[in-house]
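What follows is a single structure, written as structure tokens, with notes after it.
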Amino acid sequence: MEQMKRTVTCGQLTAKNEGQTVILNGWVHRNRDHGGIHFINLRDRYGETQIVVDEDAAEALKEKAGSLKFEYCVAIEGIVRARPESMINPDMVTGEIEVSVKNISILNSCKTLPFMIEDETDSNETARLKYRYLDLRSKGMQDRIILRNNVTYAIREYLQKSSFLEIETPTLIKSTPEGARDFLVPSRLHAGKFFALPQSPQLYKQLLMVSGFDKYFQVARCYRDEDARGDRQLEFTQIDMEMSFVSVDDIFKITEGMMGHVFKKSLGVDLPLDFQRISYDDAMNLYGSDKPDLRFDMAFQDFAPFVPASSFGVFKSVLEAGGAVKALVVPGAAADYSRKKITELEETAKTFGAKGLAWMKVTTEGLDGGVSKFYNDQADAICSGLEAKEGDLILLMGAAWKTACNSLGAVRSRLGKDLKLIDENLYRFVWIVDFPLFEYNEDEKTWEPAHHMFSMPQEQYLETFDKDPGPVKGDLYDLVLNGYELASGSIRIHDPELQQRIFNVVGFPKEVAEERFGFLLESFRYGAPPHGGIAAGVDRLVMIMAGKESIKEVIPFPKNNAGMSPMDDSPAWVDADQLQDLHLNIIMPEVDKKEE
Ligand code: ASP
């Protein structure tokens with residue numbers, strides 16, 4: 001039989017099409033037999049259409065309709081007719097009509113499904129990933145993959161209009177340091193040598209600036225060989241951008257414009273024309289995080305002024321040791337927060353290195369519970385200083401500055417969720433600026449780049465940064481959305497001497513730097529323009545826009561938490577011949593040998 005090719009999709013027919021003969025192709029989503037009448041919901045990526053085989057239809061047709069099981073792929077020819085009044089579904093585009101079937105062709109049958117194709121499946125992750133091609137048929141996944149398409153399309157549209165060029169950079173490269181471990185690709189032609197997969201196109205986009213392509217972007221795949229942790233994926237996608245002759249303000253403007261266009265086009269949401277900026281120090285001091293969720297406020301306050309007059313020794317010693325004592329006032333939470341619930345908050349703080357979490361409650365008589373006995377004689381000053389009112393809970397954290405910030409920040413985040421302080425419909429962007437350029441690695445006793453090694457120190461540190469790296473701030477920035485780091489970037493160094501000084505601070509002696517990045521340093525000697533850029537994570541962006549909490553929900557074929565793909569069983573063994581071609585010998589770790 002000649003194939004019945006679709007004339008319409010399953011998401012398109014309305015009352016306007018009444019009386020037309022149409023052919024639909026799609027999957028059997030539901031098939032119900034109501035006293036001899038078959039109601040079949042046919043689905044494709046555009047929607048669902050109700051197909052009806054009437055009671056007085058030919059026996060053979062009825063039999064065929066009865067044989068259709070879940071996910072059979074079928075072609076159906078029929079006539080569009082209005083649904084009876086009582087069966088109109090105003091929530092569906094096709095809810096006014098049904099198609100009365102004349103002809104059914106089964107294009108393919110379907111085995112018993114491992115899980116039902118629902119709008120959102122609650123099936124377990126392993127099954128979803130093993131049968132990802134089925135999971136991707138669900139409405140939720142289809143909507144998200146379509147959203148992802150719309151997002152990258154809008155990005156391309158905006159950047160092309162703004163004179164950016166989309167340029168590809170290689171995926172077989174010399175290792176580029178972004179702080180993670182490289183994936184290596186053994187070379188067959190050059191025994192013993194390896195390519196690395198790019199952790200990002202960082203060096204290449206800088207080289208493109210040297211070449212004069214002053215506005216570059218790429219929807220770039222990036223690879224980082226990291227341990228399975230939380231929601232990380234071994235490969236991910238960035239909108240990678242680089243520009244010449246720009247200031248930080250220019251980079252912010254283009255990014256804000258791009259985000260505005262993306263949100264308007266794909267969600268119909270208007271974003272503010274420019275985003276708030278907060279310095280790294282303020283973000284840490286006020287919200288305990290360099291990626292604060294500003295959908296709710298509840299900022300920290302300084303409790304140090306109240307410490308000296310009290311006999312509470314713990315906080316005194318913290319201050320003497322150069323630490324910080326911070327207060328978080330939780331409005332109206334005193335009654336609800338029992339000792340048990342406060343202990344839970346303390347546990348959260350402890351996972352970020354805090355030794356404990358002190359507290360007290362504001363009552364009509366003054367302060368009550370927890371450490372209040374040490375502070376009651378200052379109750380009025382504390383309450384007016386912190387703007388705490390009767391019924392509020394005051395949480396206090398004393399520790400080394402970063403520990404105090406991070407651990408109270410974790411408590412703030414938890415309270416935001418527990419107390420439902422977060423408006424889930426908000427998209428709250430904020431730039432974090434003035435980051436430290438270097439971080440001290442206590443274990444290795446070395447300075448490391450806080451972002452990467454190619455970022456410019458701020459001007460006032462140019463003379464002195466090598467002598468005293470700690471306080472140095474860089475021209476680097478992050479874009480944060482609803483508590484997620486969405487993008488980061490910097491103004492780059494374009495002077496080989498300055499670049500070499502940075503390499504020195506982070507422990508790359510001249511010879512090593514020459515060996516690894518000689519080509520970049522050399523390019524800077526040929527009239528390299530001043531330049532800077534940014535890269536935004538596409539997976540995270542689409543995840544937040546889709547209201548999900550895992551990037552796996554917006555990646556068509558992600559790896560599982562063990563960094564494997566249950567569908568194709570990768571990573572997998574390869575043949576001995578392949579290893580030989582690559583001049584490789586496998587040495588199995590002890591534990592795996594036993595498991596064999
Ligand atoms: N290459 C950087 C990253 O992947 C982003 C940038 O500095 O443009 O984080």
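In the structure tokens, chains take letters A, B, ... by order of appearance, with residues numbered from 1 within each chain and ligands from 1 in the order shown.
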Please find the residues contacting ligand 1 at a distance of at most 6 Å between atoms, with only C-alpha atoms and all ligand atoms counted, and report them as a ChimeraX atom specification.
/A:200,202,488-490,533-535
Contacts of A:Glu320 at 12 Å or less, counting only C-alpha atoms, minus same-chain residues fewer than 3 places along, as a VMD selection string?
chain A and resid 304 307 to 308 313 to 317 323 to 325 398 to 400
Counting only C-alpha atoms, which residues of stretch 263-323 of chain A sit at most 12 Å from some atom of stretch 138-160 of chain A, and what is each one's closest atom pair with its distance in Å to one decimal, listed by chain and rising residue number, as JSON lines?
{"residue": "A:Phe263", "atom": "CA", "partner": "A:Val151", "partner_atom": "CA", "distance": 8.1}
{"residue": "A:Lys264", "atom": "CA", "partner": "A:Ala154", "partner_atom": "CA", "distance": 9.3}
{"residue": "A:Lys265", "atom": "CA", "partner": "A:Ala154", "partner_atom": "CA", "distance": 6.7}
{"residue": "A:Ser266", "atom": "CA", "partner": "A:Asn150", "partner_atom": "CA", "distance": 5.9}
{"residue": "A:Leu267", "atom": "CA", "partner": "A:Leu147", "partner_atom": "CA", "distance": 8.6}
{"residue": "A:Gly268", "atom": "CA", "partner": "A:Asn150", "partner_atom": "CA", "distance": 11.9}
Considering only C-alpha atoms, state which residue in the set A:Ala528, A:Ala404, A:Ile551, A:Cys10 is at the smallest distance from A:Lys355.
A:Ala404
List the spatial neighbours of stretch 75-91 of chain A as a PyMOL selection string - criterion: any atom at most 10 Å away, only C-alpha atoms, same-chain residues fewer than 2 positions off excluded.
chain A and resi 3-7+13-27+42+50-53+72-73+93-108
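Proximity ranking of A:Ser310, A:Gly563, A:Ile502, A:Lys548 relative to A:Arg224 places A:Gly563 first, based on only C-alpha atoms.
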Work out how far atom CA of A:Val28 is from atom CA of A:Ile40, in Å to one decimal.
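Rounded to one decimal, the two atoms are 6.7 Å apart.
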Go through stretch 334-467 of chain A and collect every residue that DSSP, computed from the backbone, puts in alpha helix (DSSP H); the answer should be as a PyMOL selection string.
chain A and resi 339-350+379-386+401-418
